[in-house]
$ cat entry.txt   # compact mmCIF, C-alpha atoms
# COMPACT_ATOMS: atom_id res chain seq x y z
CA MET A 41 87.19 224.11 197.68
CA ALA A 42 87.76 225.40 194.17
CA SER A 43 86.75 222.01 192.78
CA THR A 44 83.48 222.09 194.74
CA SER A 45 82.70 225.60 193.51
CA SER A 46 83.42 224.52 189.92
CA LYS A 47 81.06 221.55 190.24
CA ARG A 48 78.32 223.77 191.64
CA ALA A 49 78.79 226.26 188.82
CA LYS A 50 78.52 223.48 186.23
CA ALA A 51 75.41 222.13 187.95
CA LEU A 52 73.79 225.58 187.90
CA LEU A 53 74.61 226.00 184.22
CA LEU A 54 73.26 222.56 183.32
CA THR A 55 70.09 222.84 185.41
CA PRO A 56 68.03 224.93 182.90
CA ALA A 57 68.93 222.59 180.04
CA GLY A 58 68.19 219.54 182.23
CA LEU A 59 64.79 220.90 183.24
CA TRP A 60 63.95 221.73 179.63
CA TYR A 61 65.04 218.24 178.52
CA GLY A 62 62.95 216.60 181.21
CA ALA A 63 59.85 218.70 180.56
CA MET A 64 59.93 218.54 176.77
CA LEU A 65 61.23 215.03 176.11
CA VAL A 66 61.26 212.71 179.12
CA LEU A 67 57.89 213.74 180.61
CA PRO A 68 55.93 213.35 177.33
CA LEU A 69 57.50 209.91 176.81
CA ILE A 70 56.45 208.89 180.31
CA VAL A 71 52.89 210.05 179.60
CA VAL A 72 52.81 208.08 176.34
CA LEU A 73 54.16 205.00 178.12
CA ILE A 74 51.42 205.25 180.79
CA PHE A 75 48.73 205.72 178.13
CA SER A 76 49.93 202.61 176.29
CA PHE A 77 48.80 200.41 179.18
CA GLY A 78 45.28 201.88 179.22
CA SER A 79 42.34 201.47 176.88
CA ARG A 80 40.08 203.52 174.63
CA SER A 81 37.19 205.13 176.44
CA ALA A 82 33.64 204.86 175.15
CA VAL A 83 33.77 208.34 173.61
CA GLY A 84 37.36 208.04 172.42
CA GLY A 85 40.59 209.14 174.03
CA TYR A 86 42.08 207.39 177.02
CA ALA A 87 40.64 205.32 179.84
CA PRO A 88 42.96 204.48 182.78
CA GLY A 89 43.97 200.89 183.27
CA PHE A 90 46.85 198.46 183.21
CA SER A 91 46.80 195.94 180.39
CA LEU A 92 49.06 194.63 177.64
CA GLU A 93 46.11 194.44 175.23
CA GLN A 94 47.34 197.38 173.15
CA TYR A 95 50.74 195.79 172.63
CA ALA A 96 49.06 192.53 171.66
CA ASN A 97 47.25 194.45 168.89
CA LEU A 98 50.45 195.79 167.35
CA PRO A 99 50.40 193.24 164.48
CA ALA A 100 47.31 195.09 163.21
CA ARG A 101 49.70 197.87 162.15
CA PHE A 102 52.28 195.51 160.69
CA ALA A 103 52.06 197.11 157.21
CA ALA A 104 52.94 200.53 158.62
CA PHE A 105 55.96 199.15 160.49
CA ARG A 106 57.04 197.15 157.43
CA ASN A 107 56.89 200.19 155.15
CA THR A 108 58.73 202.37 157.66
CA LEU A 109 61.48 199.83 158.38
CA THR A 110 61.91 199.22 154.64
CA LEU A 111 61.73 202.67 153.08
CA ALA A 112 63.45 204.60 155.89
CA PRO A 113 66.76 202.64 155.59
CA ILE A 114 66.52 202.60 151.78
CA GLY A 115 65.85 206.34 151.76
CA THR A 116 68.81 206.93 154.05
CA ILE A 117 71.15 204.85 151.88
CA ALA A 118 69.86 206.49 148.68
CA SER A 119 70.37 209.95 150.20
CA LEU A 120 73.92 208.97 151.22
CA ILE A 121 74.75 207.66 147.75
CA ILE A 122 73.58 210.91 146.15
CA ALA A 123 74.86 213.26 148.85
CA TYR A 124 78.43 211.96 149.21
CA PRO A 125 79.62 212.75 145.66
CA LEU A 126 77.90 216.14 145.84
CA ALA A 127 79.47 216.96 149.21
CA TYR A 128 82.87 215.73 147.97
CA PHE A 129 82.61 217.91 144.88
CA LEU A 130 81.66 220.99 146.94
CA ALA A 131 84.35 220.45 149.57
CA VAL A 132 87.29 219.28 147.45
CA LYS A 133 86.82 220.22 143.81
CA VAL A 134 84.94 223.53 143.76
CA SER A 135 86.93 226.76 143.98
CA ALA A 136 86.24 229.18 146.82
CA LYS A 137 84.71 231.58 144.28
CA TRP A 138 81.74 229.30 143.54
CA LYS A 139 81.49 227.33 146.77
CA THR A 140 79.15 229.70 148.64
CA LEU A 141 76.77 230.00 145.69
CA LEU A 142 76.55 226.23 145.23
CA LEU A 143 75.98 225.68 148.96
CA VAL A 144 73.12 228.18 148.84
CA LEU A 145 71.60 226.31 145.90
CA VAL A 146 71.69 223.09 147.92
CA ILE A 147 69.76 224.68 150.76
CA VAL A 148 67.32 226.66 148.57
CA PRO A 149 64.64 223.89 148.67
CA PHE A 150 64.40 224.40 152.45
CA TRP A 151 63.15 227.92 151.77
CA THR A 152 59.88 226.40 150.56
CA SER A 153 57.45 224.35 152.61
CA ILE A 154 57.83 220.58 152.33
CA LEU A 155 54.09 220.50 151.63
CA ILE A 156 54.46 222.60 148.48
CA ARG A 157 57.50 220.62 147.32
CA SER A 158 55.62 217.35 147.81
CA TYR A 159 52.65 218.60 145.80
CA ALA A 160 55.07 219.56 143.02
CA TRP A 161 56.15 215.92 142.87
CA ILE A 162 52.50 214.89 142.47
CA PHE A 163 52.53 216.69 139.11
CA LEU A 164 55.97 215.40 138.11
CA LEU A 165 55.16 211.77 138.91
CA GLY A 166 51.50 211.95 137.87
CA GLY A 167 49.98 211.03 134.54
CA LYS A 168 50.84 214.36 132.90
CA GLY A 169 54.42 214.44 134.17
CA ILE A 170 57.25 211.94 133.71
CA PRO A 171 54.98 209.04 132.58
CA GLN A 172 53.59 211.19 129.74
CA LEU A 173 57.12 212.18 128.74
CA LEU A 174 58.20 208.54 128.69
CA GLU A 175 55.32 207.66 126.36
CA VAL A 176 57.18 209.61 123.66
CA PHE A 177 59.93 206.98 123.93
CA GLY A 178 57.47 204.09 123.76
CA ILE A 179 57.21 203.39 127.50
CA GLU A 180 53.47 203.32 128.18
CA GLY A 181 51.30 202.48 131.17
CA LEU A 182 54.00 203.40 133.70
CA ARG A 183 52.53 204.38 137.08
CA LEU A 184 54.78 206.32 139.46
CA ILE A 185 52.46 208.25 141.78
CA ASN A 186 50.95 206.52 144.84
CA THR A 187 53.73 203.92 144.87
CA PRO A 188 56.67 203.15 147.18
CA PHE A 189 58.92 204.62 144.48
CA ALA A 190 57.11 207.97 144.66
CA VAL A 191 57.48 208.03 148.45
CA LEU A 192 61.17 207.14 148.14
CA VAL A 193 61.75 209.95 145.63
CA GLY A 194 59.95 212.39 147.91
CA ILE A 195 61.90 211.53 151.04
CA VAL A 196 65.27 211.53 149.26
CA TYR A 197 64.51 214.91 147.71
CA GLY A 198 63.19 216.33 150.97
CA TYR A 199 66.02 215.18 153.23
CA LEU A 200 69.01 215.30 150.89
CA PRO A 201 70.38 218.64 152.22
CA LEU A 202 70.43 217.18 155.74
CA MET A 203 72.78 214.49 154.46
CA VAL A 204 74.94 216.79 152.32
CA PHE A 205 75.98 219.33 154.93
CA PRO A 206 77.39 217.03 157.67
CA ILE A 207 79.44 215.19 155.04
CA TYR A 208 80.54 218.50 153.51
CA VAL A 209 81.73 219.79 156.89
CA ALA A 210 83.74 216.60 157.50
CA LEU A 211 85.31 216.71 154.03
CA GLU A 212 86.05 220.42 154.27
CA LYS A 213 88.25 219.72 157.28
CA LEU A 214 90.19 217.11 155.32
CA ASP A 215 93.91 217.89 155.17
CA LYS A 216 94.62 218.03 151.43
CA ARG A 217 98.31 217.39 152.12
CA LEU A 218 97.44 213.78 152.94
CA LEU A 219 96.05 213.29 149.44
CA GLU A 220 99.06 215.05 147.91
CA ALA A 221 101.42 212.82 149.89
CA ALA A 222 99.52 209.73 148.77
CA ALA A 223 99.77 210.84 145.15
CA ASP A 224 103.50 211.52 145.50
CA LEU A 225 103.95 207.97 146.82
CA GLY A 226 102.17 206.57 143.77
CA THR A 227 98.91 205.64 145.50
CA PRO A 228 96.04 205.27 143.01
CA PRO A 229 93.20 207.79 143.51
CA TRP A 230 90.68 205.08 144.38
CA ARG A 231 92.94 203.68 147.10
CA ALA A 232 93.64 207.15 148.51
CA PHE A 233 89.90 207.70 148.68
CA CYS A 234 89.24 204.39 150.45
CA GLU A 235 92.13 204.70 152.92
CA ILE A 236 92.18 208.45 153.58
CA THR A 237 89.11 210.39 152.44
CA LEU A 238 86.40 207.91 153.38
CA PRO A 239 87.67 207.09 156.91
CA LEU A 240 88.19 210.78 157.74
CA SER A 241 84.69 211.65 156.49
CA MET A 242 82.97 208.92 158.52
CA PRO A 243 81.89 211.32 161.32
CA GLY A 244 79.95 213.32 158.73
CA VAL A 245 78.51 210.16 157.18
CA LEU A 246 77.42 208.94 160.61
CA THR A 247 75.87 212.26 161.59
CA GLY A 248 74.02 212.73 158.30
CA SER A 249 72.78 209.14 158.22
CA MET A 250 71.50 209.27 161.79
CA LEU A 251 69.82 212.63 161.23
CA VAL A 252 68.02 211.50 158.08
CA PHE A 253 67.12 208.05 159.38
CA ILE A 254 65.61 209.28 162.65
CA LEU A 255 63.49 211.87 160.86
CA LEU A 256 62.34 209.33 158.26
CA MET A 257 61.21 206.92 160.97
CA GLY A 258 58.68 209.54 162.11
CA GLU A 259 57.76 210.85 158.66
CA PHE A 260 54.06 211.06 157.77
CA LEU A 261 53.51 213.98 155.35
CA ILE A 262 55.39 212.66 152.31
CA PRO A 263 53.84 209.15 152.46
CA ALA A 264 50.39 210.71 152.88
CA ILE A 265 50.80 212.95 149.81
CA LEU A 266 52.87 210.82 147.44
CA GLY A 267 51.64 207.46 148.73
CA GLY A 268 48.01 208.36 148.26
CA GLY A 269 46.88 206.26 151.22
CA LYS A 270 48.44 203.14 149.70
CA VAL A 271 51.93 203.54 151.18
CA PHE A 272 51.81 204.66 154.78
CA PHE A 273 54.36 204.89 157.57
CA VAL A 274 53.98 204.49 161.32
CA GLY A 275 53.60 208.27 161.46
CA ASN A 276 50.46 208.00 159.34
CA ALA A 277 49.14 205.29 161.65
CA LEU A 278 49.72 207.57 164.65
CA VAL A 279 47.86 210.43 162.99
CA ASP A 280 44.94 208.09 162.33
CA LEU A 281 44.88 206.64 165.84
CA PHE A 282 45.20 209.93 167.72
CA LEU A 283 43.21 212.33 165.52
CA GLN A 284 40.66 210.19 163.67
CA SER A 285 40.05 206.95 165.57
CA ARG A 286 40.84 208.70 168.87
CA ASN A 287 42.30 205.49 170.21
CA TRP A 288 44.99 207.11 172.32
CA ALA A 289 45.94 203.94 174.17
CA PHE A 290 46.66 201.95 171.01
CA GLY A 291 48.35 204.98 169.44
CA SER A 292 50.60 205.27 172.49
CA ALA A 293 51.53 201.59 172.25
CA VAL A 294 52.43 202.07 168.57
CA ALA A 295 54.50 205.14 169.48
CA VAL A 296 56.35 203.25 172.25
CA ALA A 297 57.07 200.38 169.85
CA LEU A 298 58.38 202.85 167.26
CA VAL A 299 60.70 204.51 169.80
CA ALA A 300 61.98 201.11 170.93
CA LEU A 301 62.66 200.06 167.33
CA MET A 302 64.45 203.32 166.64
CA LEU A 303 66.68 202.85 169.67
CA VAL A 304 67.59 199.31 168.61
CA VAL A 305 68.15 200.08 164.93
CA VAL A 306 70.06 203.31 165.56
CA GLY A 307 72.21 201.57 168.18
CA LEU A 308 73.12 198.75 165.81
CA TYR A 309 73.65 201.12 162.90
CA THR A 310 75.93 203.37 164.97
CA ARG A 311 77.96 200.41 166.20
CA ILE A 312 78.44 199.08 162.67
CA LEU A 313 79.50 202.44 161.28
CA LYS A 314 81.85 203.14 164.17
CA ARG A 315 83.41 199.70 163.79
CA PHE A 316 83.84 200.31 160.07
CA GLY A 317 85.40 203.70 160.73
CA GLY A 318 87.69 202.29 163.38
CA ALA A 319 88.84 199.50 161.10
CA SER A 320 89.54 202.03 158.36
CA ASP A 321 91.53 204.21 160.73
CA ALA A 322 93.57 201.18 161.82
CA GLY A 323 94.28 200.39 158.20
CA LEU A 324 95.33 203.98 157.60
CA MET A 325 97.74 203.85 160.53
$ encode --input "entry.txt" --output "structure tokens"
Amino acid sequence: MASTSSKRAKALLLTPAGLWYGAMLVLPLIVVLIFSFGSRSAVGGYAPGFSLEQYANLPARFAAFRNTLTLAPIGTIASLIIAYPLAYFLAVKVSAKWKTLLLVLVIVPFWTSILIRSYAWIFLLGGKGIPQLLEVFGIEGLRLINTPFAVLVGIVYGYLPLMVFPIYVALEKLDKRLLEAAADLGTPPWRAFCEITLPLSMPGVLTGSMLVFILLMGEFLIPAILGGGKVFFVGNALVDLFLQSRNWAFGSAVAVALVALMLVVVGLYTRILKRFGGASDAGLM
């Protein structure tokens, strides 16, 4: 009887969250899926129907998918490479006196709109910014703005804090006595890092990587500003299809394809990272 009452109580507690999840996530996805089988009406928008024509037209947006599936993983890896040493420094090396201040400095960029920060990079990467500075050293004719490099710089800068904090939290929980014991046993620092620190920080690495990667797959503002219309993501294609071309059916098909790709890539990526973490843990044992 008590078990039944407990199950009912859990069901009642989960019902609001379940309804919210269904209304805000599942239902919109169902609508998009239905739209993807329709067609564009004469005046734009959506005309009911059932056809695979929109999915057959997906190669028309191949460049957007190529850019997204190239720059999103590279941006995630670049963010991880930069964020891990920073998070390690904050969690392990910095004294408690300075830790809070440095953490605030990491999050300070989030106090300003991503739009303003992206426009700041237009100046830095434009002709009067870094390229003009490099001309002093004899490097002339270098173009940085409106290139994949500019977009990559923008997304790494914009999403770096989202990678730092999960790794920092994982490293902050690290038992320093393990490192001290490894040092007492004569273990080189690099080996202690590979066999102790890195495996124990993998949950933070996984969380930060997934968070950044998923957001980058849907990014559209940074490519639009720093790519100058020459480097565009699937997000930019969706903005064009829904708001400018008003081809909701084709836009829905592109959105469904993007969600499917994200599920596949994230699933594979998670499995690889978990396998790597598990192997490291086995080696530690």
$ closest_atom_pairs --input "entry.txt" --of "range 123-203 of chain A" --to "range 229-242 of chain A" --cutoff "12 Å" --atoms "all atoms listed in the file" --output "tab-separated table"
residue	atom	partner	partner_atom	distance
A:Tyr124	CA	A:Ser241	CA	9.6
A:Pro125	CA	A:Leu238	CA	11.4
A:Ala127	CA	A:Ser241	CA	10.4
A:Tyr128	CA	A:Thr237	CA	9.4
A:Ala131	CA	A:Ser241	CA	11.2
A:Val132	CA	A:Thr237	CA	10.4
$ residues_around --input "entry.txt" --residues "range 281-297 of chain A" --least-positions-apart "4" --cutoff "8 Å" --atoms "all atoms listed in the file" --output "PyMOL selection string"
chain A and resi 72-73+75-80+84-87+94-95+97-98+274+277+301
$ atom_distance --input "entry.txt" --atom1 "CA of Gly258 in chain A" --atom2 "CA of Gly275 in chain A"
5.3 Å
$ closest_residue --input "entry.txt" --among "A:Ile147, A:Leu141, A:Leu182, A:Met203" --to "Thr247 in chain A" --atoms "only C-alpha atoms"
A:Met203
$ closest_atom_pairs --input "entry.txt" --of "range 195-238 of chain A" --to "range 159-166 of chain A" --cutoff "12 Å" --atoms "only C-alpha atoms" --output "Markdown table"
| residue | atom | partner | partner_atom | distance |
| --- | --- | --- | --- | --- |
| A:Ile195 | CA | A:Trp161 | CA | 10.9 |
| A:Val196 | CA | A:Trp161 | CA | 12.0 |
| A:Tyr197 | CA | A:Trp161 | CA | 9.7 |
| A:Gly198 | CA | A:Trp161 | CA | 10.7 |
$ atom_distance --input "entry.txt" --atom1 "CA of Arg217 in chain A" --atom2 "CA of Leu202 in chain A"
28.1 Å
$ atom_distance --input "entry.txt" --atom1 "CA of Pro188 in chain A" --atom2 "CA of Gly268 in chain A"
10.2 Å
$ closest_residue --input "entry.txt" --among "A:Ala300, A:Pro243, A:Gly194, A:Pro171" --to "Ile156 in chain A" --atoms "only C-alpha atoms"
A:Gly194
$ residues_around --input "entry.txt" --residues "Asn276 in chain A" --least-positions-apart "6" --cutoff "8 Å" --atoms "all atoms listed in the file" --output "ChimeraX atom specification"
/A:104,259-261,263-264
$ decode --input "entry.txt" --residues "range 275-311 of chain A" --atoms "N, CA, C and O atoms" --output "compact mmCIF listing (two decimals), in the first residue's frame"
# COMPACT_ATOMS: atom_id res chain seq x y z
N GLY A 275 21.71 26.73 -39.20
CA GLY A 275 20.86 27.73 -38.55
C GLY A 275 20.57 28.91 -39.46
O GLY A 275 19.45 29.43 -39.48
N ASN A 276 21.58 29.35 -40.22
CA ASN A 276 21.37 30.44 -41.18
C ASN A 276 20.44 30.02 -42.31
O ASN A 276 19.61 30.82 -42.77
N ALA A 277 20.56 28.77 -42.74
CA ALA A 277 19.66 28.26 -43.77
C ALA A 277 18.22 28.22 -43.27
O ALA A 277 17.28 28.54 -44.00
N LEU A 278 18.02 27.87 -42.00
CA LEU A 278 16.67 27.82 -41.43
C LEU A 278 16.07 29.22 -41.33
O LEU A 278 14.88 29.41 -41.59
N VAL A 279 16.89 30.19 -40.94
CA VAL A 279 16.40 31.57 -40.88
C VAL A 279 15.96 32.02 -42.26
O VAL A 279 14.91 32.66 -42.43
N ASP A 280 16.75 31.69 -43.28
CA ASP A 280 16.40 32.08 -44.65
C ASP A 280 15.11 31.39 -45.11
O ASP A 280 14.23 32.03 -45.69
N LEU A 281 15.00 30.11 -44.84
CA LEU A 281 13.84 29.35 -45.34
C LEU A 281 12.55 29.74 -44.63
O LEU A 281 11.48 29.80 -45.25
N PHE A 282 12.61 30.00 -43.34
CA PHE A 282 11.39 30.30 -42.59
C PHE A 282 11.00 31.77 -42.65
O PHE A 282 9.81 32.09 -42.75
N LEU A 283 11.98 32.68 -42.63
CA LEU A 283 11.66 34.10 -42.52
C LEU A 283 11.75 34.86 -43.84
O LEU A 283 11.06 35.87 -44.01
N GLN A 284 12.59 34.41 -44.76
CA GLN A 284 12.77 35.14 -46.01
C GLN A 284 12.09 34.41 -47.18
O GLN A 284 11.21 34.97 -47.83
N SER A 285 12.50 33.18 -47.43
CA SER A 285 11.87 32.43 -48.53
C SER A 285 10.47 31.95 -48.17
O SER A 285 9.67 31.65 -49.06
N ARG A 286 10.19 31.86 -46.88
CA ARG A 286 8.89 31.39 -46.38
C ARG A 286 8.53 30.01 -46.95
O ARG A 286 7.38 29.72 -47.25
N ASN A 287 9.56 29.19 -47.05
CA ASN A 287 9.36 27.81 -47.49
C ASN A 287 9.40 26.93 -46.24
O ASN A 287 10.41 26.29 -45.93
N TRP A 288 8.28 26.90 -45.52
CA TRP A 288 8.25 26.23 -44.23
C TRP A 288 8.43 24.71 -44.36
O TRP A 288 9.01 24.07 -43.49
N ALA A 289 7.95 24.15 -45.44
CA ALA A 289 8.06 22.70 -45.62
C ALA A 289 9.52 22.28 -45.78
O ALA A 289 9.99 21.35 -45.12
N PHE A 290 10.24 22.98 -46.65
CA PHE A 290 11.65 22.66 -46.85
C PHE A 290 12.45 22.99 -45.61
O PHE A 290 13.36 22.24 -45.20
N GLY A 291 12.13 24.11 -44.94
CA GLY A 291 12.81 24.46 -43.70
C GLY A 291 12.59 23.40 -42.63
O GLY A 291 13.52 23.06 -41.88
N SER A 292 11.39 22.84 -42.57
CA SER A 292 11.11 21.78 -41.59
C SER A 292 11.91 20.53 -41.91
O SER A 292 12.42 19.85 -41.00
N ALA A 293 12.04 20.19 -43.19
CA ALA A 293 12.84 19.03 -43.57
C ALA A 293 14.30 19.22 -43.19
O ALA A 293 14.96 18.29 -42.70
N VAL A 294 14.82 20.44 -43.40
CA VAL A 294 16.20 20.73 -43.00
C VAL A 294 16.35 20.62 -41.48
O VAL A 294 17.34 20.07 -40.98
N ALA A 295 15.35 21.13 -40.74
CA ALA A 295 15.40 21.05 -39.28
C ALA A 295 15.36 19.60 -38.80
O ALA A 295 16.11 19.23 -37.88
N VAL A 296 14.51 18.77 -39.41
CA VAL A 296 14.43 17.36 -39.03
C VAL A 296 15.76 16.66 -39.32
O VAL A 296 16.25 15.87 -38.51
N ALA A 297 16.35 16.96 -40.47
CA ALA A 297 17.65 16.36 -40.82
C ALA A 297 18.72 16.79 -39.82
O ALA A 297 19.57 15.97 -39.43
N LEU A 298 18.68 18.06 -39.39
CA LEU A 298 19.66 18.54 -38.42
C LEU A 298 19.51 17.83 -37.09
O LEU A 298 20.50 17.40 -36.48
N VAL A 299 18.26 17.67 -36.63
CA VAL A 299 18.02 16.97 -35.36
C VAL A 299 18.49 15.53 -35.45
O VAL A 299 19.11 15.00 -34.52
N ALA A 300 18.22 14.87 -36.57
CA ALA A 300 18.65 13.48 -36.75
C ALA A 300 20.17 13.38 -36.73
O ALA A 300 20.74 12.47 -36.09
N LEU A 301 20.85 14.30 -37.40
CA LEU A 301 22.31 14.29 -37.40
C LEU A 301 22.87 14.54 -36.01
O LEU A 301 23.84 13.89 -35.59
N MET A 302 22.24 15.45 -35.28
CA MET A 302 22.69 15.73 -33.92
C MET A 302 22.56 14.50 -33.03
O MET A 302 23.45 14.19 -32.23
N LEU A 303 21.45 13.78 -33.17
CA LEU A 303 21.24 12.58 -32.37
C LEU A 303 22.30 11.53 -32.67
O LEU A 303 22.84 10.89 -31.76
N VAL A 304 22.61 11.36 -33.95
CA VAL A 304 23.61 10.36 -34.35
C VAL A 304 25.00 10.75 -33.86
O VAL A 304 25.71 9.96 -33.23
N VAL A 305 25.39 12.00 -34.15
CA VAL A 305 26.74 12.45 -33.80
C VAL A 305 26.93 12.49 -32.29
O VAL A 305 27.94 12.02 -31.76
N VAL A 306 25.95 13.03 -31.58
CA VAL A 306 26.05 13.10 -30.12
C VAL A 306 26.09 11.70 -29.52
O VAL A 306 26.83 11.44 -28.56
N GLY A 307 25.29 10.78 -30.06
CA GLY A 307 25.29 9.41 -29.56
C GLY A 307 26.65 8.75 -29.74
O GLY A 307 27.18 8.12 -28.81
N LEU A 308 27.24 8.90 -30.93
CA LEU A 308 28.56 8.33 -31.18
C LEU A 308 29.63 8.98 -30.31
O LEU A 308 30.50 8.31 -29.75
N TYR A 309 29.55 10.30 -30.21
CA TYR A 309 30.54 11.05 -29.44
C TYR A 309 30.48 10.65 -27.97
O TYR A 309 31.51 10.44 -27.31
N THR A 310 29.27 10.52 -27.44
CA THR A 310 29.10 10.12 -26.04
C THR A 310 29.64 8.72 -25.81
O THR A 310 30.32 8.46 -24.80
N ARG A 311 29.36 7.82 -26.73
CA ARG A 311 29.84 6.44 -26.57
C ARG A 311 31.36 6.38 -26.59
O ARG A 311 31.97 5.67 -25.78
